[in-house]
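Shown below: input-v4.cif, with mmCIF, C-alpha atoms.
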```
data_protein
loop_
_atom_site.label_atom_id
_atom_site.label_comp_id
_atom_site.auth_asym_id
_atom_site.auth_seq_id
_atom_site.Cartn_x
_atom_site.Cartn_y
_atom_site.Cartn_z
CA MET A 10 35.92 -24.01 3.24
CA LEU A 11 32.76 -22.03 2.59
CA GLN A 12 30.61 -21.49 5.67
CA THR A 13 27.43 -22.99 4.23
CA ASN A 14 25.27 -25.96 5.15
CA LEU A 15 25.90 -27.53 1.73
CA LYS A 16 28.32 -30.38 1.12
CA HIS A 17 31.62 -28.97 -0.11
CA ILE A 18 33.92 -29.99 -2.94
CA ALA A 19 37.52 -29.52 -1.86
CA SER A 20 39.55 -30.89 -4.76
CA GLU A 21 39.55 -31.64 -8.49
CA LYS A 22 39.45 -35.37 -7.66
CA GLU A 23 36.36 -34.90 -5.53
CA PHE A 24 34.78 -32.73 -8.23
CA ASN A 25 35.24 -35.51 -10.82
CA GLU A 26 33.90 -38.14 -8.43
CA VAL A 27 30.77 -36.07 -7.73
CA ILE A 28 29.90 -35.29 -11.36
CA ASN A 29 30.66 -38.83 -12.58
CA SER A 30 28.94 -40.79 -9.83
CA ASN A 31 25.68 -38.80 -9.79
CA ASP A 32 23.10 -38.29 -12.54
CA ASN A 33 22.30 -34.68 -11.66
CA VAL A 34 24.67 -32.25 -9.99
CA MET A 35 24.47 -28.52 -9.26
CA ILE A 36 27.68 -26.86 -8.05
CA CYS A 37 27.94 -23.26 -6.93
CA CYS A 38 31.51 -21.99 -7.08
CA GLY A 39 31.93 -18.74 -5.18
CA ARG A 40 32.98 -16.91 -2.05
CA MET A 41 31.04 -15.83 1.03
CA GLY A 42 30.02 -12.67 -0.82
CA PRO A 43 26.80 -10.77 -1.43
CA MET A 44 26.06 -12.33 -4.80
CA CYS A 45 27.04 -15.87 -3.75
CA VAL A 46 25.34 -16.33 -0.38
CA PRO A 47 21.79 -16.00 -1.76
CA VAL A 48 22.50 -18.80 -4.25
CA TYR A 49 23.78 -21.08 -1.47
CA GLY A 50 20.59 -20.23 0.44
CA VAL A 51 18.43 -21.23 -2.53
CA MET A 52 20.33 -24.52 -2.86
CA GLU A 53 19.98 -25.31 0.85
CA GLU A 54 16.26 -24.64 0.51
CA LEU A 55 15.88 -26.91 -2.51
CA GLU A 56 17.85 -29.89 -1.20
CA GLY A 57 14.76 -31.37 0.45
CA ASP A 58 12.53 -31.12 -2.64
CA TYR A 59 15.09 -32.09 -5.27
CA LYS A 60 16.42 -35.31 -3.82
CA HIS A 61 17.40 -36.49 -7.31
CA VAL A 62 19.93 -33.66 -7.53
CA GLU A 63 23.25 -33.44 -5.69
CA PHE A 64 23.90 -29.91 -4.43
CA ARG A 65 27.50 -28.88 -3.74
CA ASP A 66 29.54 -25.73 -3.32
CA MET A 67 33.21 -25.09 -4.06
CA GLU A 68 35.42 -22.25 -2.93
CA PHE A 69 36.28 -20.04 -5.91
CA ASP A 70 39.79 -19.33 -4.62
CA ASN A 71 40.65 -23.00 -4.17
CA PRO A 72 43.31 -23.67 -6.87
CA ASP A 73 41.41 -26.82 -7.88
CA ALA A 74 38.35 -24.72 -8.66
CA ARG A 75 40.05 -24.09 -12.01
CA VAL A 76 37.99 -27.07 -13.19
CA ILE A 77 35.04 -24.69 -13.06
CA ARG A 78 36.76 -21.32 -13.55
CA ASN A 79 38.42 -22.47 -16.78
CA LEU A 80 35.40 -24.09 -18.41
CA PRO A 81 34.83 -22.73 -21.93
CA GLU A 82 31.20 -22.10 -20.95
CA CYS A 83 32.44 -19.73 -18.22
CA ARG A 84 34.94 -17.80 -20.34
CA ASN A 85 32.79 -14.68 -20.52
CA PHE A 86 31.75 -14.79 -16.88
CA ALA A 87 32.78 -11.79 -14.78
CA GLY A 88 30.51 -12.12 -11.77
CA LEU A 89 30.47 -14.51 -8.84
CA PRO A 90 29.26 -17.13 -8.28
CA PHE A 91 29.82 -19.44 -11.23
CA THR A 92 27.06 -22.03 -11.00
CA VAL A 93 27.33 -25.17 -13.09
CA TYR A 94 24.89 -28.01 -13.73
CA TYR A 95 26.07 -31.50 -14.74
CA LYS A 96 23.96 -34.32 -16.12
CA ASN A 97 25.61 -37.75 -16.34
CA GLY A 98 29.01 -36.08 -16.07
CA LYS A 99 28.36 -33.54 -18.83
CA LEU A 100 27.91 -29.82 -18.38
CA VAL A 101 24.39 -28.82 -19.40
CA LYS A 102 24.14 -25.27 -18.06
CA ALA A 103 26.30 -22.56 -16.49
CA THR A 104 25.26 -19.23 -14.99
CA SER A 105 27.12 -16.21 -13.66
CA SER A 106 26.26 -13.92 -10.71
CA ILE A 107 23.30 -14.03 -8.35
CA GLN A 108 20.31 -16.21 -9.26
CA THR A 109 16.85 -16.29 -7.75
CA MET A 110 14.94 -19.35 -6.57
CA GLU A 111 12.78 -19.12 -9.70
CA GLN A 112 15.79 -18.98 -12.03
CA VAL A 113 17.41 -21.97 -10.34
CA THR A 114 14.25 -24.10 -10.24
CA GLU A 115 13.56 -23.33 -13.89
CA ILE A 116 16.97 -24.78 -14.80
CA LEU A 117 16.60 -27.77 -12.46
CA ASP A 118 13.15 -28.59 -13.82
CA LYS A 119 14.31 -28.28 -17.41
CA GLU A 120 17.64 -30.10 -17.16
CA PHE A 121 16.95 -32.61 -14.38
CA SER A 122 13.40 -33.75 -14.97
CA LYS A 123 12.13 -36.00 -12.15
CA GLU A 124 10.23 -38.15 -14.68
CA LEU A 125 13.41 -39.00 -16.54
CA ILE A 126 15.14 -39.92 -13.32
CA ASN A 127 12.27 -42.13 -12.17
CA LYS A 128 11.93 -43.90 -15.51
CA MET B 11 -6.92 -26.61 13.59
CA ASN B 12 -6.05 -24.49 10.55
CA ASN B 13 -2.30 -24.82 9.97
CA ASN B 14 -2.33 -21.70 7.79
CA ARG B 15 -3.84 -19.52 10.53
CA PHE B 16 -1.37 -17.42 12.57
CA ASP B 17 -1.53 -14.65 15.13
CA VAL B 18 1.07 -12.63 13.25
CA ILE B 19 2.61 -12.94 9.80
CA VAL B 20 5.96 -11.21 9.35
CA ILE B 21 6.82 -10.40 5.75
CA GLY B 22 10.60 -10.34 5.45
CA GLY B 23 13.38 -12.33 7.09
CA GLY B 24 16.16 -9.79 7.58
CA PRO B 25 17.28 -8.57 11.00
CA ALA B 26 14.01 -6.64 11.54
CA GLY B 27 11.78 -9.58 10.60
CA LEU B 28 13.83 -12.16 12.50
CA THR B 29 13.90 -9.99 15.63
CA ALA B 30 10.13 -9.55 15.41
CA GLY B 31 9.87 -13.33 15.03
CA ILE B 32 12.03 -13.90 18.12
CA TYR B 33 9.98 -11.52 20.29
CA LEU B 34 6.61 -12.74 19.01
CA ALA B 35 7.34 -16.45 19.24
CA ARG B 36 8.91 -16.07 22.68
CA ALA B 37 5.67 -14.40 23.79
CA LYS B 38 3.80 -17.54 22.63
CA THR B 39 2.36 -15.72 19.64
CA LYS B 40 1.86 -18.06 16.70
CA THR B 41 4.16 -16.49 14.13
CA LEU B 42 5.01 -17.10 10.49
CA ILE B 43 7.88 -15.36 8.73
CA LEU B 44 7.58 -15.26 4.94
CA ASN B 45 10.72 -14.26 3.12
CA GLU B 46 11.08 -13.77 -0.62
CA GLY B 47 14.83 -14.37 -0.69
CA THR B 48 17.41 -16.01 1.52
CA VAL B 49 16.86 -15.43 5.23
CA GLY B 50 19.06 -12.61 6.52
CA GLY B 51 18.16 -9.90 4.01
CA GLN B 52 20.89 -7.40 3.25
CA MET B 53 22.66 -8.47 6.46
CA ILE B 54 24.05 -11.50 4.61
CA LEU B 55 25.68 -9.13 2.15
CA THR B 56 28.08 -7.89 4.83
CA HIS B 57 31.43 -9.65 5.03
CA GLU B 58 32.25 -8.47 8.53
CA ILE B 59 30.04 -6.85 11.13
CA ALA B 60 32.13 -5.19 13.82
CA ASN B 61 29.61 -2.75 15.31
CA TYR B 62 26.88 -5.10 16.53
CA PRO B 63 26.94 -4.68 20.32
CA GLY B 64 27.96 -7.77 22.23
CA VAL B 65 29.67 -9.38 19.25
CA GLU B 66 33.21 -8.24 18.45
CA SER B 67 33.24 -9.51 14.89
CA ILE B 68 30.98 -11.80 12.87
CA SER B 69 29.98 -12.29 9.24
CA GLY B 70 26.50 -11.24 8.18
CA TYR B 71 25.81 -14.82 7.11
CA GLN B 72 26.69 -16.17 10.54
CA LEU B 73 24.69 -13.54 12.40
CA SER B 74 21.63 -14.16 10.26
CA ASN B 75 21.90 -17.91 10.88
CA ILE B 76 22.05 -17.30 14.63
CA MET B 77 18.99 -15.04 14.49
CA LYS B 78 17.14 -17.58 12.32
CA ASN B 79 17.89 -20.46 14.69
CA GLN B 80 16.97 -18.28 17.67
CA ALA B 81 13.56 -17.49 16.13
CA LYS B 82 12.97 -21.14 15.25
CA SER B 83 13.95 -22.25 18.75
CA PHE B 84 11.01 -20.26 20.14
CA GLY B 85 8.61 -21.88 17.67
CA CYS B 86 8.57 -19.31 14.89
CA ILE B 87 7.89 -20.86 11.49
CA ILE B 88 10.04 -19.52 8.66
CA LYS B 89 9.36 -20.01 4.96
CA SER B 90 12.05 -18.53 2.74
CA ASN B 91 12.48 -18.08 -1.01
CA VAL B 92 8.71 -17.81 -1.44
CA ARG B 93 6.82 -15.46 -3.77
CA ILE B 94 4.14 -13.29 -2.20
CA THR B 95 1.50 -13.11 -4.88
CA ASP B 96 -1.41 -11.36 -3.18
CA LEU B 97 -2.21 -9.44 -0.01
CA GLU B 98 -5.36 -8.41 1.79
CA LEU B 99 -4.50 -6.09 4.66
CA ASN B 100 -7.56 -3.92 5.22
CA SER B 101 -9.87 -6.55 6.69
CA ASP B 102 -9.73 -7.70 10.35
CA THR B 103 -8.26 -11.00 9.18
CA LYS B 104 -5.21 -10.30 7.05
CA LYS B 105 -4.51 -12.66 4.14
CA VAL B 106 -1.22 -13.35 2.39
CA GLU B 107 -1.13 -15.52 -0.72
CA VAL B 108 2.13 -17.30 -1.45
CA ASN B 109 3.32 -18.81 -4.73
CA GLY B 110 -0.13 -18.19 -6.24
CA LYS B 111 -1.74 -20.99 -4.24
CA ASP B 112 -1.17 -21.07 -0.47
CA ILE B 113 -3.13 -18.60 1.63
CA TYR B 114 -2.02 -17.70 5.16
CA THR B 115 -4.14 -15.62 7.53
CA ALA B 116 -3.39 -13.66 10.70
CA ASP B 117 -4.79 -10.94 12.94
CA ALA B 118 -1.72 -8.77 12.45
CA VAL B 119 1.02 -8.35 9.87
CA ILE B 120 4.49 -6.89 10.24
CA ILE B 121 6.09 -5.71 7.01
CA ALA B 122 9.87 -6.01 7.21
CA ALA B 123 10.51 -6.39 3.50
CA GLY B 124 13.82 -4.48 3.47
CA GLY B 125 15.43 -3.02 0.39
CA ARG B 126 17.65 -3.91 -2.54
CA SER B 127 20.30 -2.38 -4.77
CA ARG B 128 18.74 0.02 -7.20
CA PRO B 129 19.19 -1.07 -10.84
CA LEU B 130 19.58 1.41 -13.69
CA ASN B 131 16.69 -0.19 -15.58
CA VAL B 132 18.14 0.44 -19.01
CA PRO B 133 18.33 -1.91 -22.02
CA GLY B 134 21.00 -4.62 -21.72
CA GLU B 135 21.32 -4.49 -17.94
CA ASP B 136 19.83 -7.94 -17.30
CA LYS B 137 21.61 -9.51 -20.26
CA PHE B 138 25.09 -8.48 -19.11
CA LYS B 139 24.67 -9.02 -15.38
CA GLY B 140 27.63 -11.19 -14.40
CA LYS B 141 29.11 -10.69 -17.86
CA GLY B 142 30.45 -7.19 -17.35
CA ILE B 143 27.82 -5.58 -15.14
CA SER B 144 28.25 -5.92 -11.38
CA TYR B 145 26.78 -4.50 -8.18
CA CYS B 146 29.59 -5.70 -5.89
CA ALA B 147 33.18 -4.47 -6.13
CA THR B 148 34.55 -6.86 -3.50
CA CYS B 149 32.95 -9.83 -5.31
CA ASP B 150 33.85 -9.10 -8.89
CA GLY B 151 36.64 -6.51 -8.85
CA ASP B 152 39.38 -9.03 -9.58
CA PHE B 153 37.75 -10.02 -12.88
CA PHE B 154 38.72 -6.58 -14.18
CA GLN B 155 42.46 -6.65 -13.71
CA ASP B 156 43.99 -4.06 -16.11
CA LYS B 157 40.60 -3.43 -17.71
CA ASN B 158 38.73 -0.20 -18.31
CA ILE B 159 35.61 0.10 -16.22
CA ILE B 160 32.84 2.51 -15.28
CA VAL B 161 31.35 3.14 -11.86
CA VAL B 162 27.85 4.60 -11.89
CA GLY B 163 26.76 6.79 -8.98
CA GLY B 164 27.73 9.79 -6.91
CA GLY B 165 27.22 8.73 -3.31
CA ASN B 166 29.66 7.39 -0.74
CA SER B 167 29.41 3.79 -1.96
CA ALA B 168 30.08 4.74 -5.58
CA LEU B 169 33.13 6.88 -4.82
CA GLU B 170 34.62 4.55 -2.22
CA GLU B 171 34.15 1.52 -4.47
CA ALA B 172 35.61 3.43 -7.43
CA VAL B 173 38.77 4.06 -5.43
CA SER B 174 38.87 0.44 -4.30
CA LEU B 175 38.46 -0.79 -7.89
CA THR B 176 41.58 1.11 -8.99
CA LYS B 177 43.53 -1.72 -7.29
CA TYR B 178 42.53 -3.87 -10.26
CA ALA B 179 41.41 -1.72 -13.16
CA ALA B 180 43.57 0.21 -15.64
CA SER B 181 41.07 3.05 -15.50
CA VAL B 182 37.83 3.86 -13.69
CA THR B 183 35.37 6.36 -15.12
CA ILE B 184 32.71 7.62 -12.75
CA VAL B 185 29.45 8.42 -14.51
CA HIS B 186 27.07 10.51 -12.41
CA GLN B 187 23.75 12.04 -13.34
CA PHE B 188 24.25 15.33 -11.45
CA ASP B 189 26.93 18.04 -11.66
CA ASN B 190 27.99 17.47 -8.04
CA PHE B 191 28.48 14.48 -5.75
CA GLN B 192 26.29 13.46 -2.83
CA ALA B 193 29.19 11.70 -1.07
CA PHE B 194 31.07 13.05 1.95
CA PRO B 195 33.86 15.54 1.02
CA HIS B 196 36.64 13.14 2.06
CA ALA B 197 35.28 10.45 -0.31
CA VAL B 198 35.13 12.98 -3.17
CA GLU B 199 38.66 14.14 -2.39
CA GLU B 200 40.01 10.56 -2.40
CA ALA B 201 38.43 9.90 -5.79
CA GLU B 202 39.55 13.20 -7.31
CA LYS B 203 43.17 12.75 -6.36
CA ASN B 204 43.35 9.19 -7.73
CA PRO B 205 45.14 9.34 -11.12
CA LYS B 206 43.26 6.32 -12.46
CA ILE B 207 39.83 7.93 -11.98
CA LYS B 208 38.09 10.09 -14.58
CA PHE B 209 34.67 11.73 -14.35
CA ILE B 210 31.72 12.12 -16.68
CA MET B 211 29.22 14.34 -14.90
CA GLU B 212 25.58 15.20 -15.62
CA SER B 213 25.32 12.01 -17.63
CA LYS B 214 23.48 8.72 -17.60
CA ILE B 215 24.10 5.35 -19.21
CA ILE B 216 21.14 4.75 -21.48
CA GLU B 217 22.10 1.38 -22.99
CA PHE B 218 24.49 -1.54 -22.54
CA SER B 219 25.73 -3.36 -25.61
CA GLY B 220 27.95 -6.31 -26.54
CA ASP B 221 27.92 -9.84 -27.88
CA GLU B 222 28.50 -12.57 -25.33
CA LYS B 223 29.82 -10.06 -22.81
CA LEU B 224 29.57 -6.32 -22.25
CA GLY B 225 31.53 -4.37 -24.84
CA LYS B 226 30.23 -0.82 -24.88
CA VAL B 227 27.84 1.65 -23.30
CA PHE B 228 25.91 4.62 -24.60
CA ILE B 229 26.09 7.66 -22.33
CA GLN B 230 23.80 10.66 -22.61
CA ASN B 231 24.59 14.12 -21.26
CA GLN B 232 21.56 15.33 -19.31
CA SER B 233 22.01 18.99 -20.35
CA THR B 234 22.96 18.78 -24.01
CA LYS B 235 21.27 15.38 -24.67
CA GLU B 236 24.40 14.47 -26.65
CA ILE B 237 25.02 10.70 -26.72
CA ILE B 238 28.51 9.24 -26.71
CA GLU B 239 29.53 5.64 -27.31
CA MET B 240 32.25 4.21 -25.06
CA ASN B 241 34.02 0.87 -25.32
CA ILE B 242 34.20 -0.64 -21.85
CA ASP B 243 35.01 -3.95 -20.12
CA GLY B 244 32.87 -3.57 -17.04
CA VAL B 245 30.33 -1.40 -15.26
CA PHE B 246 29.74 -1.32 -11.51
CA ILE B 247 26.43 0.19 -10.42
CA PHE B 248 26.11 1.89 -7.02
CA ILE B 249 23.09 4.15 -7.16
CA GLY B 250 21.65 3.41 -3.75
CA TYR B 251 18.94 1.20 -2.40
CA MET B 252 15.21 1.06 -2.90
CA PRO B 253 12.59 -0.31 -0.51
CA ASN B 254 10.88 -3.58 -1.42
CA THR B 255 7.43 -2.07 -1.13
CA GLU B 256 5.96 -2.25 -4.63
CA LYS B 257 3.44 -4.89 -3.61
CA PHE B 258 2.17 -2.72 -0.72
CA ALA B 259 1.46 0.35 -2.88
CA GLY B 260 -2.20 1.31 -2.60
CA LYS B 261 -2.66 -0.91 0.45
CA ILE B 262 -0.73 1.12 3.04
CA GLU B 263 0.55 4.68 3.00
CA LEU B 264 3.97 5.13 1.37
CA ASN B 265 6.00 8.29 0.84
CA ASN B 266 7.29 9.52 -2.54
CA TRP B 267 10.29 7.17 -2.31
CA GLY B 268 8.12 4.12 -1.63
CA GLU B 269 9.07 3.99 2.05
CA ILE B 270 6.40 2.98 4.55
CA ILE B 271 5.03 5.78 6.71
CA THR B 272 4.51 4.67 10.33
CA LYS B 273 3.45 6.03 13.70
CA ASP B 274 5.75 5.97 16.74
CA ASN B 275 4.69 2.39 17.54
CA LEU B 276 5.52 1.43 13.93
CA GLU B 277 1.89 0.86 13.01
CA THR B 278 1.17 1.76 9.39
CA SER B 279 -1.87 3.58 8.03
CA VAL B 280 -3.80 0.30 8.33
CA ASN B 281 -4.95 -1.12 11.67
CA GLY B 282 -3.05 -4.23 12.66
CA VAL B 283 -0.37 -3.74 10.03
CA PHE B 284 3.05 -2.74 11.35
CA ALA B 285 6.36 -2.12 9.61
CA ALA B 286 10.03 -2.46 10.54
CA GLY B 287 13.50 -2.14 9.10
CA ASP B 288 14.83 -0.59 5.92
CA ALA B 289 11.44 -0.38 4.19
CA VAL B 290 10.29 2.18 6.77
CA GLN B 291 10.63 5.95 6.30
CA LYS B 292 13.57 6.89 8.53
CA LYS B 293 17.01 8.45 8.45
CA TYR B 294 19.39 5.71 9.60
CA ARG B 295 19.48 2.17 8.24
CA GLN B 296 21.70 -0.16 10.24
CA ILE B 297 21.35 -3.73 11.50
CA THR B 298 20.96 -2.30 15.00
CA THR B 299 18.16 0.05 13.93
CA ALA B 300 16.42 -2.81 12.11
CA VAL B 301 16.65 -4.95 15.24
CA ALA B 302 15.17 -2.08 17.29
CA ASP B 303 12.34 -1.73 14.76
CA GLY B 304 11.71 -5.48 14.90
CA THR B 305 11.39 -5.31 18.66
CA ILE B 306 9.06 -2.29 18.65
CA SER B 307 6.84 -3.67 15.90
CA ALA B 308 6.55 -7.06 17.65
CA LEU B 309 5.63 -5.50 21.00
CA SER B 310 3.14 -3.20 19.27
CA ALA B 311 1.61 -6.17 17.45
CA ILE B 312 1.29 -8.09 20.72
CA GLU B 313 -0.44 -5.08 22.28
CA TYR B 314 -2.76 -4.90 19.27
CA LEU B 315 -3.61 -8.61 19.59
CA ASN B 316 -4.41 -8.11 23.28
CA GLU B 317 -6.66 -5.15 22.47
CA ILE B 318 -8.68 -7.04 19.89
CA LYS B 319 -9.01 -9.99 22.29
CA GLN B 320 -10.41 -7.60 24.94
CA LEU B 321 -12.85 -6.16 22.40
CA GLN B 322 -14.01 -9.65 21.42
CA LYS B 323 -14.80 -10.35 25.10
CA VAL B 324 -16.97 -7.24 25.42
#
```
As structure tokens, what does this structure read like?
Amino acid sequence: MLQTNLKHIASEKEFNEVINSNDNVMICCGRMGPMCVPVYGVMEELEGDYKHVEFRDMEFDNPDARVIRNLPECRNFAGLPFTVYYKNGKLVKATSSIQTMEQVTEILDKEFSKELINK
Amino acid sequence: MNNNRFDVIVIGGGPAGLTAGIYLARAKTKTLILNEGTVGGQMILTHEIANYPGVESISGYQLSNIMKNQAKSFGCIIKSNVRITDLELNSDTKKVEVNGKDIYTADAVIIAAGGRSRPLNVPGEDKFKGKGISYCATCDGDFFQDKNIIVVGGGNSALEEAVSLTKYAASVTIVHQFDNFQAFPHAVEEAEKNPKIKFIMESKIIEFSGDEKLGKVFIQNQSTKEIIEMNIDGVFIFIGYMPNTEKFAGKIELNNWGEIITKDNLETSVNGVFAAGDAVQKKYRQITTAVADGTISALSAIEYLNEIKQLQKV
């Protein structure tokens, strides 16, 4: 398990449950490494403000993390973490390597508009 | 009561800033730490810390969380992942603008903004970050199993990481801008005797190219100016660190490398503005030296606050 304060995804089954039972999901798939930890930190920071988004992490070396590692959208990725965004069970965005607060919020605001959720 | 008014604002939440926060808040000094990234600074980039006295072994992430909670437990307020958009340091009341809207004021400021990996700043670098360009061998090395990669740099990190990357890569080419290395002799020797490592000296990468992922680089010889094109799967960049002091330029005295010049008590060229940690001009940059700086700057700031209180009484 990753040593973060985020909720963790431990299996493929849990991954499918999370993306299919929530409208908006952001999952950061990585290790406790230099490029990953800052992204977890950003997500922990945003959890309070983005209550309409489910924030999760998943250990990159967990065999079940193939559900993220093997996504076609991640085929050219060569930098941890792989961060994926799901809307109504469908992948809407994927990023590779470290991301700043601004980069993450830009994606959240674009893909997971609060107005649409509160309609 | 103005909630945005503090005794001391600490800019930076690495070991120096957090230590300053612990000392200040414990001394009942109303303290705000503003941090532009994730709390912990470069400390969180360390997988295992085994030379922090009193702790046999701990991850950087865990140690930074302990320091953060310790500072908070004394009443220090911490705001992380903010953008510092403006600063006024020369007046008696220092002002820090955050996210272009919130203004915080204080009698003293401690700058503990730390440093970051130095980028090459050449075309294509941002585009291929995470898609062939990396700054962390332990994070991304295994994506380059049996691939041909480049390591940029000539210091200890570059040479040691180049050797470590030969565990995965088919070949590692070290590209260095000078004709000699800055690394320790044993690191150079290790790299030179590794059959997978080749060297391109006196040269710089001037452009990254590819479609959806990195495919080639253009390398220019610094003497002849000749440019060669090289097909490559990955590039790891280890060209040192730079202080996060751009926003303080022109406001406090910096040296030619952008490091903050301080007096013995870590006060900068501006009254009431102190500095600590990796952004300061000094020889050694360790978590322990950052913690020492944090302590000294906090105690100096407390002394400064007491002095101005005495002056106000007169």
*What residues come out when you apply the PyMOL selection byres ((chain A) within 12 of (chain B)) to this file, written as a ChimeraX atom specification?*
/A:11-14,39-55,69-70,78,82-92,103-114
Could you write out the selected residues, including C-alpha atoms, as a PDB file, in the frame of the given file?
```
ATOM      1  CA  LEU A  11      32.760 -22.030   2.590  1.00  0.00           C
ATOM      2  CA  GLN A  12      30.610 -21.490   5.670  1.00  0.00           C
ATOM      3  CA  THR A  13      27.430 -22.990   4.230  1.00  0.00           C
ATOM      4  CA  ASN A  14      25.270 -25.960   5.150  1.00  0.00           C
ATOM      5  CA  GLY A  39      31.930 -18.740  -5.180  1.00  0.00           C
ATOM      6  CA  ARG A  40      32.980 -16.910  -2.050  1.00  0.00           C
ATOM      7  CA  MET A  41      31.040 -15.830   1.030  1.00  0.00           C
ATOM      8  CA  GLY A  42      30.020 -12.670  -0.820  1.00  0.00           C
ATOM      9  CA  PRO A  43      26.800 -10.770  -1.430  1.00  0.00           C
ATOM     10  CA  MET A  44      26.060 -12.330  -4.800  1.00  0.00           C
ATOM     11  CA  CYS A  45      27.040 -15.870  -3.750  1.00  0.00           C
ATOM     12  CA  VAL A  46      25.340 -16.330  -0.380  1.00  0.00           C
ATOM     13  CA  PRO A  47      21.790 -16.000  -1.760  1.00  0.00           C
ATOM     14  CA  VAL A  48      22.500 -18.800  -4.250  1.00  0.00           C
ATOM     15  CA  TYR A  49      23.780 -21.080  -1.470  1.00  0.00           C
ATOM     16  CA  GLY A  50      20.590 -20.230   0.440  1.00  0.00           C
ATOM     17  CA  VAL A  51      18.430 -21.230  -2.530  1.00  0.00           C
ATOM     18  CA  MET A  52      20.330 -24.520  -2.860  1.00  0.00           C
ATOM     19  CA  GLU A  53      19.980 -25.310   0.850  1.00  0.00           C
ATOM     20  CA  GLU A  54      16.260 -24.640   0.510  1.00  0.00           C
ATOM     21  CA  LEU A  55      15.880 -26.910  -2.510  1.00  0.00           C
ATOM     22  CA  PHE A  69      36.280 -20.040  -5.910  1.00  0.00           C
ATOM     23  CA  ASP A  70      39.790 -19.330  -4.620  1.00  0.00           C
ATOM     24  CA  ARG A  78      36.760 -21.320 -13.550  1.00  0.00           C
ATOM     25  CA  GLU A  82      31.200 -22.100 -20.950  1.00  0.00           C
ATOM     26  CA  CYS A  83      32.440 -19.730 -18.220  1.00  0.00           C
ATOM     27  CA  ARG A  84      34.940 -17.800 -20.340  1.00  0.00           C
ATOM     28  CA  ASN A  85      32.790 -14.680 -20.520  1.00  0.00           C
ATOM     29  CA  PHE A  86      31.750 -14.790 -16.880  1.00  0.00           C
ATOM     30  CA  ALA A  87      32.780 -11.790 -14.780  1.00  0.00           C
ATOM     31  CA  GLY A  88      30.510 -12.120 -11.770  1.00  0.00           C
ATOM     32  CA  LEU A  89      30.470 -14.510  -8.840  1.00  0.00           C
ATOM     33  CA  PRO A  90      29.260 -17.130  -8.280  1.00  0.00           C
ATOM     34  CA  PHE A  91      29.820 -19.440 -11.230  1.00  0.00           C
ATOM     35  CA  THR A  92      27.060 -22.030 -11.000  1.00  0.00           C
ATOM     36  CA  ALA A 103      26.300 -22.560 -16.490  1.00  0.00           C
ATOM     37  CA  THR A 104      25.260 -19.230 -14.990  1.00  0.00           C
ATOM     38  CA  SER A 105      27.120 -16.210 -13.660  1.00  0.00           C
ATOM     39  CA  SER A 106      26.260 -13.920 -10.710  1.00  0.00           C
ATOM     40  CA  ILE A 107      23.300 -14.030  -8.350  1.00  0.00           C
ATOM     41  CA  GLN A 108      20.310 -16.210  -9.260  1.00  0.00           C
ATOM     42  CA  THR A 109      16.850 -16.290  -7.750  1.00  0.00           C
ATOM     43  CA  MET A 110      14.940 -19.350  -6.570  1.00  0.00           C
ATOM     44  CA  GLU A 111      12.780 -19.120  -9.700  1.00  0.00           C
ATOM     45  CA  GLN A 112      15.790 -18.980 -12.030  1.00  0.00           C
ATOM     46  CA  VAL A 113      17.410 -21.970 -10.340  1.00  0.00           C
ATOM     47  CA  THR A 114      14.250 -24.100 -10.240  1.00  0.00           C
TER      48      THR A 114
END
```
_What's around segment 36-41 of chain B at 9 Å? Count only C-alpha atoms, leave out sequence neighbours fewer than 5 positions away in its own chain, and write the answer as a list in words._
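Neighbouring residues, sequence-local ones excluded: Arg15, Phe16, Asp17, Val18, Ile19, Val20, Gly31, Ala81, Ser83, Phe84, Gly85, Cys86, Ile87, Ile88, Ala116 and Ile312 of chain B.
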Near Ser101 of chain B, counting only C-alpha atoms, which residues have an atom at most 12 Å away, once you skip same-chain residues fewer than 5 positions from it, shown as a PDB file with C-alpha atoms, in the coordinates of the input?
```pdb
ATOM      1  CA  VAL B 106      -1.220 -13.350   2.390  1.00  0.00           C
ATOM      2  CA  THR B 115      -4.140 -15.620   7.530  1.00  0.00           C
ATOM      3  CA  ALA B 116      -3.390 -13.660  10.700  1.00  0.00           C
ATOM      4  CA  ASP B 117      -4.790 -10.940  12.940  1.00  0.00           C
ATOM      5  CA  ALA B 118      -1.720  -8.770  12.450  1.00  0.00           C
ATOM      6  CA  VAL B 119       1.020  -8.350   9.870  1.00  0.00           C
ATOM      7  CA  LYS B 261      -2.660  -0.910   0.450  1.00  0.00           C
ATOM      8  CA  VAL B 280      -3.800   0.300   8.330  1.00  0.00           C
ATOM      9  CA  ASN B 281      -4.950  -1.120  11.670  1.00  0.00           C
ATOM     10  CA  GLY B 282      -3.050  -4.230  12.660  1.00  0.00           C
ATOM     11  CA  VAL B 283      -0.370  -3.740  10.030  1.00  0.00           C
TER      12      VAL B 283
END
```
*Suppose you want the space between atom CA of Glu120 of chain A and atom CA of Phe24 of chain A; what is it in Å?*
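Taking atom CA of Glu120 of chain A and atom CA of Phe24 of chain A, their separation equals 19.5 Å.
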Report, as lines of an AutoDock Vina configuration file, the axis-aligned box around all atoms of segment 180-194 of chain B present in the file, extended by 5 Å on each side; give centre and edge lengths in Å to one decimal place.
```
center_x = 33.7
center_y = 9.1
center_z = -6.8
size_x = 29.8
size_y = 27.8
size_z = 27.6
```
*asked:* So that I can see what lies close to Ile210 of chain B, please list as a PyMOL selection string the residues with an atom at most 9 Å from it, counting all atoms listed in the file and leaving out residues fewer than 4 positions away in the same chain.
replied: chain B and resi 183-187+214+231
